[in-house]
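Raw contents of query_8.txt, compact mmCIF, N, CA and C atoms:
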# COMPACT_ATOMS: atom_id res chain seq x y z
N MET A 4 78.82 21.49 51.46
CA MET A 4 78.77 22.83 50.88
C MET A 4 77.31 23.27 50.78
N THR A 5 77.06 24.49 51.16
CA THR A 5 75.70 25.01 51.14
C THR A 5 75.59 26.19 50.18
N SER A 6 74.41 26.37 49.65
CA SER A 6 74.21 27.52 48.77
C SER A 6 73.57 28.68 49.52
N ARG A 7 73.24 28.45 50.80
CA ARG A 7 72.60 29.50 51.58
C ARG A 7 73.46 30.77 51.57
N GLY A 8 72.84 31.88 51.23
CA GLY A 8 73.51 33.16 51.23
C GLY A 8 74.19 33.53 49.92
N THR A 9 74.36 32.58 49.03
CA THR A 9 74.98 32.91 47.75
C THR A 9 73.93 33.51 46.81
N LEU A 10 74.37 34.21 45.83
CA LEU A 10 73.47 34.86 44.89
C LEU A 10 72.80 33.82 43.99
N HIS A 11 71.50 33.83 43.94
CA HIS A 11 70.74 32.93 43.06
C HIS A 11 70.67 33.54 41.67
N HIS A 12 70.15 34.76 41.58
CA HIS A 12 70.12 35.46 40.31
C HIS A 12 70.04 36.96 40.54
N LEU A 13 70.31 37.68 39.48
CA LEU A 13 70.26 39.13 39.48
C LEU A 13 69.44 39.54 38.27
N GLU A 14 68.46 40.39 38.46
CA GLU A 14 67.63 40.86 37.35
C GLU A 14 67.82 42.36 37.20
N LEU A 15 68.34 42.76 36.05
CA LEU A 15 68.59 44.17 35.76
C LEU A 15 67.57 44.65 34.74
N TRP A 16 66.82 45.66 35.11
CA TRP A 16 65.88 46.26 34.17
C TRP A 16 66.56 47.44 33.50
N VAL A 17 66.45 47.50 32.20
CA VAL A 17 67.07 48.56 31.42
C VAL A 17 66.01 49.23 30.55
N ALA A 18 66.24 50.51 30.25
CA ALA A 18 65.30 51.26 29.43
C ALA A 18 65.35 50.80 27.97
N ASP A 19 66.54 50.44 27.50
CA ASP A 19 66.73 50.08 26.09
C ASP A 19 67.62 48.83 26.04
N LEU A 20 67.00 47.70 25.79
CA LEU A 20 67.73 46.43 25.78
C LEU A 20 68.84 46.43 24.75
N GLU A 21 68.56 46.92 23.57
CA GLU A 21 69.57 46.90 22.50
C GLU A 21 70.75 47.81 22.82
N ALA A 22 70.52 48.90 23.55
CA ALA A 22 71.62 49.79 23.94
C ALA A 22 72.45 49.18 25.06
N ALA A 23 71.80 48.49 25.98
CA ALA A 23 72.50 47.91 27.13
C ALA A 23 73.19 46.59 26.80
N ARG A 24 72.66 45.86 25.84
CA ARG A 24 73.15 44.51 25.58
C ARG A 24 74.63 44.40 25.25
N PRO A 25 75.18 45.19 24.33
CA PRO A 25 76.58 44.93 23.94
C PRO A 25 77.57 44.96 25.10
N SER A 26 77.51 45.98 25.92
CA SER A 26 78.50 46.07 27.00
C SER A 26 78.25 45.01 28.08
N LEU A 27 77.00 44.79 28.45
CA LEU A 27 76.70 43.79 29.47
C LEU A 27 76.99 42.38 28.98
N GLU A 28 76.63 42.10 27.74
CA GLU A 28 76.90 40.77 27.19
C GLU A 28 78.40 40.51 27.11
N TRP A 29 79.16 41.49 26.63
CA TRP A 29 80.61 41.31 26.56
C TRP A 29 81.16 40.98 27.95
N LEU A 30 80.77 41.74 28.95
CA LEU A 30 81.29 41.55 30.30
C LEU A 30 80.93 40.17 30.85
N LEU A 31 79.67 39.82 30.75
CA LEU A 31 79.23 38.53 31.30
C LEU A 31 79.94 37.37 30.61
N VAL A 32 80.07 37.41 29.31
CA VAL A 32 80.77 36.35 28.58
C VAL A 32 82.25 36.33 28.98
N ALA A 33 82.86 37.50 29.12
CA ALA A 33 84.27 37.57 29.52
C ALA A 33 84.48 36.99 30.91
N LEU A 34 83.46 37.06 31.77
CA LEU A 34 83.55 36.50 33.12
C LEU A 34 83.18 35.02 33.17
N GLY A 35 82.77 34.45 32.04
CA GLY A 35 82.49 33.02 31.99
C GLY A 35 81.03 32.64 31.91
N TYR A 36 80.13 33.63 31.87
CA TYR A 36 78.70 33.33 31.73
C TYR A 36 78.41 32.91 30.30
N ARG A 37 77.34 32.15 30.11
CA ARG A 37 76.91 31.79 28.76
C ARG A 37 75.46 32.21 28.60
N LEU A 38 75.12 32.62 27.39
CA LEU A 38 73.74 32.99 27.09
C LEU A 38 72.87 31.76 27.26
N ALA A 39 71.85 31.86 28.11
CA ALA A 39 71.00 30.72 28.41
C ALA A 39 69.62 30.84 27.79
N ASP A 40 69.15 32.08 27.63
CA ASP A 40 67.79 32.26 27.12
C ASP A 40 67.65 33.67 26.57
N SER A 41 66.74 33.83 25.64
CA SER A 41 66.42 35.17 25.13
C SER A 41 64.95 35.20 24.74
N TRP A 42 64.34 36.35 24.86
CA TRP A 42 62.95 36.57 24.48
C TRP A 42 62.85 38.01 24.02
N SER A 43 61.69 38.44 23.58
CA SER A 43 61.57 39.74 22.93
C SER A 43 61.99 40.91 23.81
N THR A 44 61.88 40.79 25.13
CA THR A 44 62.23 41.90 26.01
C THR A 44 63.38 41.58 26.97
N GLY A 45 64.08 40.46 26.74
CA GLY A 45 65.15 40.16 27.67
C GLY A 45 66.07 39.04 27.27
N LEU A 46 67.11 38.88 28.08
CA LEU A 46 68.13 37.86 27.88
C LEU A 46 68.56 37.38 29.25
N SER A 47 69.06 36.14 29.32
CA SER A 47 69.64 35.68 30.56
C SER A 47 70.91 34.90 30.27
N TRP A 48 71.89 35.08 31.14
CA TRP A 48 73.16 34.40 31.07
C TRP A 48 73.35 33.63 32.37
N GLU A 49 74.01 32.49 32.32
CA GLU A 49 74.22 31.73 33.54
C GLU A 49 75.67 31.29 33.68
N LEU A 50 76.04 31.14 34.92
CA LEU A 50 77.36 30.62 35.30
C LEU A 50 77.14 29.78 36.54
N GLY A 51 77.28 28.48 36.41
CA GLY A 51 76.99 27.59 37.53
C GLY A 51 75.53 27.72 37.92
N ALA A 52 75.30 27.90 39.20
CA ALA A 52 73.93 28.01 39.71
C ALA A 52 73.40 29.44 39.72
N THR A 53 74.18 30.39 39.23
CA THR A 53 73.79 31.80 39.23
C THR A 53 73.43 32.24 37.83
N TYR A 54 72.39 33.06 37.72
CA TYR A 54 72.08 33.62 36.41
C TYR A 54 71.78 35.11 36.53
N VAL A 55 72.01 35.80 35.41
CA VAL A 55 71.80 37.25 35.32
C VAL A 55 70.81 37.49 34.19
N VAL A 56 69.75 38.24 34.51
CA VAL A 56 68.73 38.61 33.53
C VAL A 56 68.87 40.09 33.24
N VAL A 57 68.81 40.45 31.97
CA VAL A 57 68.74 41.85 31.55
C VAL A 57 67.44 41.96 30.77
N GLU A 58 66.57 42.85 31.23
CA GLU A 58 65.23 42.90 30.66
C GLU A 58 64.73 44.33 30.52
N SER A 59 63.95 44.54 29.48
CA SER A 59 63.27 45.81 29.24
C SER A 59 61.82 45.47 28.94
N GLY A 60 60.99 46.46 28.99
CA GLY A 60 59.59 46.19 28.70
C GLY A 60 58.71 47.31 29.22
N PRO A 61 57.41 47.13 29.12
CA PRO A 61 56.49 48.22 29.46
C PRO A 61 56.48 48.61 30.94
N ASP A 62 56.93 47.75 31.83
CA ASP A 62 56.94 48.09 33.25
C ASP A 62 58.17 48.90 33.68
N VAL A 63 59.18 49.00 32.82
CA VAL A 63 60.39 49.75 33.15
C VAL A 63 60.08 51.24 33.08
N ARG A 64 60.47 51.95 34.15
CA ARG A 64 60.28 53.41 34.19
C ARG A 64 61.65 54.08 34.13
N GLY A 65 61.70 55.24 33.52
CA GLY A 65 62.95 56.00 33.44
C GLY A 65 63.71 55.71 32.17
N GLU A 66 64.66 56.57 31.91
CA GLU A 66 65.45 56.47 30.68
C GLU A 66 66.82 55.85 30.87
N HIS A 67 67.34 55.88 32.11
CA HIS A 67 68.66 55.31 32.35
C HIS A 67 68.79 54.93 33.82
N HIS A 68 69.78 54.12 34.10
CA HIS A 68 70.07 53.71 35.47
C HIS A 68 70.82 54.83 36.16
N ASP A 69 70.43 55.16 37.38
CA ASP A 69 71.13 56.17 38.17
C ASP A 69 71.69 55.48 39.41
N ARG A 70 72.98 55.18 39.38
CA ARG A 70 73.59 54.44 40.49
C ARG A 70 73.63 55.25 41.78
N ARG A 71 73.37 56.55 41.69
CA ARG A 71 73.38 57.38 42.89
C ARG A 71 72.00 57.54 43.52
N ALA A 72 70.98 57.02 42.84
CA ALA A 72 69.62 57.07 43.38
C ALA A 72 69.44 55.91 44.35
N PRO A 73 68.43 55.98 45.21
CA PRO A 73 68.17 54.83 46.08
C PRO A 73 67.99 53.57 45.24
N GLY A 74 68.48 52.49 45.75
CA GLY A 74 68.41 51.23 45.03
C GLY A 74 69.80 50.70 44.78
N LEU A 75 69.95 49.92 43.76
CA LEU A 75 71.22 49.27 43.45
C LEU A 75 72.26 50.27 42.98
N ASN A 76 73.41 50.29 43.64
CA ASN A 76 74.51 51.15 43.21
C ASN A 76 75.36 50.43 42.17
N HIS A 77 75.79 49.21 42.46
CA HIS A 77 76.59 48.45 41.51
C HIS A 77 76.58 46.98 41.87
N VAL A 78 77.12 46.18 40.97
CA VAL A 78 77.28 44.75 41.18
C VAL A 78 78.77 44.46 41.12
N ALA A 79 79.27 43.66 42.06
CA ALA A 79 80.68 43.30 42.09
C ALA A 79 80.83 41.83 41.73
N PHE A 80 81.78 41.56 40.84
CA PHE A 80 82.07 40.20 40.41
C PHE A 80 83.49 39.83 40.80
N HIS A 81 83.70 38.60 41.25
CA HIS A 81 85.05 38.07 41.35
C HIS A 81 85.57 37.99 39.92
N ALA A 82 86.78 38.50 39.68
CA ALA A 82 87.27 38.58 38.31
C ALA A 82 88.60 37.88 38.09
N GLY A 83 89.07 37.14 39.07
CA GLY A 83 90.33 36.42 38.90
C GLY A 83 91.49 37.17 39.51
N SER A 84 92.64 37.00 38.91
CA SER A 84 93.88 37.60 39.42
C SER A 84 93.91 39.10 39.14
N ARG A 85 94.91 39.75 39.68
CA ARG A 85 95.10 41.19 39.40
C ARG A 85 95.33 41.40 37.91
N ALA A 86 96.08 40.52 37.29
CA ALA A 86 96.31 40.62 35.84
C ALA A 86 95.00 40.46 35.08
N ASP A 87 94.15 39.53 35.53
CA ASP A 87 92.84 39.36 34.89
C ASP A 87 92.01 40.63 35.00
N VAL A 88 92.02 41.24 36.19
CA VAL A 88 91.26 42.49 36.38
C VAL A 88 91.77 43.57 35.43
N GLU A 89 93.08 43.70 35.32
CA GLU A 89 93.66 44.72 34.43
C GLU A 89 93.32 44.43 32.97
N ASP A 90 93.41 43.16 32.57
CA ASP A 90 93.06 42.80 31.19
C ASP A 90 91.60 43.13 30.90
N LEU A 91 90.71 42.75 31.82
CA LEU A 91 89.28 43.04 31.63
C LEU A 91 89.02 44.54 31.60
N ALA A 92 89.63 45.28 32.50
CA ALA A 92 89.42 46.73 32.55
C ALA A 92 89.91 47.40 31.27
N ARG A 93 91.03 46.96 30.77
CA ARG A 93 91.57 47.53 29.53
C ARG A 93 90.65 47.22 28.35
N GLU A 94 90.25 45.96 28.21
CA GLU A 94 89.38 45.58 27.10
C GLU A 94 87.99 46.20 27.23
N ALA A 95 87.51 46.34 28.45
CA ALA A 95 86.18 46.90 28.68
C ALA A 95 86.03 48.29 28.08
N GLN A 96 87.11 49.04 28.06
CA GLN A 96 87.04 50.40 27.55
C GLN A 96 86.79 50.45 26.04
N SER A 97 87.04 49.35 25.36
CA SER A 97 86.69 49.28 23.93
C SER A 97 85.34 48.60 23.73
N GLN A 98 84.68 48.25 24.84
CA GLN A 98 83.40 47.54 24.78
C GLN A 98 82.26 48.36 25.40
N GLY A 99 82.43 49.67 25.48
CA GLY A 99 81.37 50.53 25.99
C GLY A 99 81.42 50.84 27.47
N TRP A 100 82.52 50.52 28.13
CA TRP A 100 82.68 50.79 29.56
C TRP A 100 83.72 51.88 29.77
N SER A 101 83.52 52.69 30.81
CA SER A 101 84.49 53.70 31.21
C SER A 101 85.04 53.32 32.58
N LEU A 102 86.31 53.59 32.79
CA LEU A 102 86.93 53.33 34.08
C LEU A 102 86.59 54.46 35.04
N LEU A 103 85.95 54.13 36.15
CA LEU A 103 85.62 55.11 37.18
C LEU A 103 86.79 55.25 38.15
N PHE A 104 86.85 56.37 38.82
CA PHE A 104 87.86 56.61 39.86
C PHE A 104 89.26 56.33 39.33
N GLU A 105 89.50 56.76 38.10
CA GLU A 105 90.76 56.46 37.42
C GLU A 105 91.98 56.92 38.22
N ASP A 106 91.84 58.03 38.91
CA ASP A 106 92.96 58.56 39.69
C ASP A 106 93.32 57.68 40.89
N ARG A 107 92.42 56.78 41.29
CA ARG A 107 92.67 55.90 42.43
C ARG A 107 92.73 54.43 42.03
N HIS A 108 92.62 54.15 40.74
CA HIS A 108 92.65 52.77 40.25
C HIS A 108 94.01 52.15 40.50
N PRO A 109 94.11 50.94 40.93
CA PRO A 109 93.09 49.93 41.21
C PRO A 109 92.70 49.84 42.69
N TYR A 110 93.02 50.89 43.46
CA TYR A 110 92.75 50.85 44.90
C TYR A 110 91.65 51.82 45.32
N ALA A 111 90.69 52.08 44.46
CA ALA A 111 89.60 53.00 44.80
C ALA A 111 88.78 52.49 45.97
N GLY A 112 88.78 51.20 46.20
CA GLY A 112 88.05 50.62 47.32
C GLY A 112 88.88 50.48 48.59
N GLY A 113 90.10 50.99 48.56
CA GLY A 113 91.00 50.91 49.72
C GLY A 113 92.29 50.21 49.36
N ARG A 114 93.30 50.41 50.18
CA ARG A 114 94.64 49.91 49.84
C ARG A 114 94.75 48.39 49.84
N ASP A 115 93.81 47.70 50.45
CA ASP A 115 93.84 46.24 50.47
C ASP A 115 92.79 45.62 49.55
N HIS A 116 92.21 46.44 48.68
CA HIS A 116 91.13 45.97 47.81
C HIS A 116 91.47 46.32 46.37
N TYR A 117 91.90 45.33 45.60
CA TYR A 117 92.32 45.53 44.21
C TYR A 117 91.12 45.27 43.30
N ALA A 118 90.66 46.32 42.62
CA ALA A 118 89.47 46.19 41.79
C ALA A 118 89.43 47.26 40.72
N ALA A 119 88.65 47.00 39.69
CA ALA A 119 88.35 47.99 38.65
C ALA A 119 86.87 48.32 38.74
N TYR A 120 86.56 49.59 38.76
CA TYR A 120 85.18 50.06 38.78
C TYR A 120 84.86 50.60 37.39
N LEU A 121 83.83 50.05 36.78
CA LEU A 121 83.48 50.39 35.40
C LEU A 121 82.04 50.87 35.33
N GLU A 122 81.77 51.77 34.38
CA GLU A 122 80.40 52.24 34.14
C GLU A 122 80.14 52.18 32.64
N ASN A 123 78.96 51.66 32.26
CA ASN A 123 78.64 51.62 30.82
C ASN A 123 77.85 52.86 30.43
N ALA A 124 77.53 52.98 29.16
CA ALA A 124 76.86 54.17 28.63
C ALA A 124 75.46 54.37 29.18
N THR A 125 74.86 53.31 29.72
CA THR A 125 73.52 53.44 30.28
C THR A 125 73.56 53.76 31.77
N GLY A 126 74.75 53.97 32.33
CA GLY A 126 74.89 54.38 33.73
C GLY A 126 75.03 53.25 34.73
N PHE A 127 75.17 52.01 34.26
CA PHE A 127 75.29 50.87 35.16
C PHE A 127 76.74 50.67 35.56
N GLU A 128 76.99 50.44 36.84
CA GLU A 128 78.34 50.24 37.35
C GLU A 128 78.57 48.80 37.76
N VAL A 129 79.76 48.30 37.43
CA VAL A 129 80.21 47.00 37.92
C VAL A 129 81.58 47.18 38.56
N GLU A 130 81.87 46.31 39.49
CA GLU A 130 83.18 46.27 40.13
C GLU A 130 83.77 44.91 39.85
N LEU A 131 84.97 44.89 39.32
CA LEU A 131 85.68 43.65 39.04
C LEU A 131 86.76 43.49 40.11
N VAL A 132 86.58 42.51 40.98
CA VAL A 132 87.42 42.34 42.17
C VAL A 132 88.45 41.25 41.94
N ALA A 133 89.70 41.57 42.24
CA ALA A 133 90.78 40.58 42.12
C ALA A 133 90.78 39.66 43.34
N SER A 134 91.17 38.42 43.10
CA SER A 134 91.38 37.49 44.19
C SER A 134 92.49 38.04 45.08
N PRO A 135 92.44 37.74 46.37
CA PRO A 135 93.52 38.22 47.25
C PRO A 135 94.88 37.77 46.75
N ALA A 136 95.86 38.65 46.88
CA ALA A 136 97.21 38.32 46.44
C ALA A 136 97.78 37.23 47.32
N GLU A 137 98.59 36.39 46.73
CA GLU A 137 99.25 35.33 47.50
C GLU A 137 100.28 35.97 48.41
N PRO A 138 100.41 35.47 49.65
CA PRO A 138 101.41 36.05 50.58
C PRO A 138 102.83 35.78 50.13

Just dump the structure as structure tokens.
Amino acid sequence: MTSRGTLHHLELWVADLEAARPSLEWLLVALGYRLADSWSTGLSWELGATYVVVESGPDVRGEHHDRRAPGLNHVAFHAGSRADVEDLAREAQSQGWSLLFEDRHPYAGGRDHYAAYLENATGFEVELVASPAEP
């Protein structure tokens, strides 16, 4: 087994760490990540060999994330079964996330792609992807 090509880490810069933390922390913990480190301007969570950093500080420019601007549009996570995706999407709405593309949910990515697209109050989007259905 090789790690080549897999995600090592993801670093998200946010304008306001305290505003971004609740929704991102809830999601990462719900997906199985654990808080690994914290410092005055950031936090990191890890799951296996992958870690996610959320950081703010004097080098961050702008007031919010704009997923439509050049750069990162969203991050997609494997989220388990279709039932797991639905459970996470439902609970996410009480944790600061809004369901995007509600009129096309859960097939906004196409008829063979079961996922929930969520956006938090700071404008960050995540996609929760279901494992392929068993034949």

So that I can check the surroundings of Gly99 of chain A, please list as an MDAnalysis selection string every protein, DNA and RNA residue that reaches within 7 Å of it, counting only C-alpha atoms and ignoring chain neighbours fewer than 4 positions away.
chainID A and resid 26 95 123:124

Check the smallest atom-to-atom distance from each of A:Leu27, A:Glu128, A:Gln96, A:Ser47 to Leu75 of chain A using all atoms listed in the file, then report the winner.
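Checking each of A:Leu27, A:Glu128, A:Gln96, A:Ser47 against Leu75 of chain A, counting all atoms listed in the file, the winner is A:Glu128.
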
8 Å contact set for Asn76 of chain A, only N, CA and C atoms, chain neighbours under 6 positions out, as a list of chain:residue names:
A:Asp69, A:Arg70, A:Gly126, A:Phe127, A:Glu128, A:Val129

Can you tell me how far atom CA of Trp29 of chain A sits from atom CA of Gly60 of chain A, in Å to one decimal?
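Interatomic distance, atom CA of Trp29 of chain A to atom CA of Gly60 of chain A: 21.7 Å.
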
Separating atom C of Leu15 of chain A from atom C of Leu38 of chain A, to the nearest tenth of an Å, is a gap of 15.8 Å

Please determine, counting only C-alpha atoms, which residue among A:Glu28, A:Glu21, A:Glu58, A:Asp115 has the shortest atom-to-atom distance to Trp42 of chain A.
A:Glu58

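DSSP annotation of chain A from backbone atoms: alpha helix (DSSP H) residues are A:Leu20, A:Glu21, A:Ala22, A:Ala23, A:Arg24, A:Pro25, A:Ser26, A:Leu27, A:Glu28, A:Trp29, A:Leu30, A:Leu31, A:Val32, A:Ala33, A:Arg85, A:Ala86, A:Asp87, A:Val88, A:Glu89, A:Asp90, A:Leu91, A:Ala92, A:Arg93, A:Glu94, A:Ala95.
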
Which of these residues is nearest to Ser84 of chain A, using only C-alpha atoms: A:Tyr54, A:Ala119, A:Ala39, A:Leu30?
A:Ala119
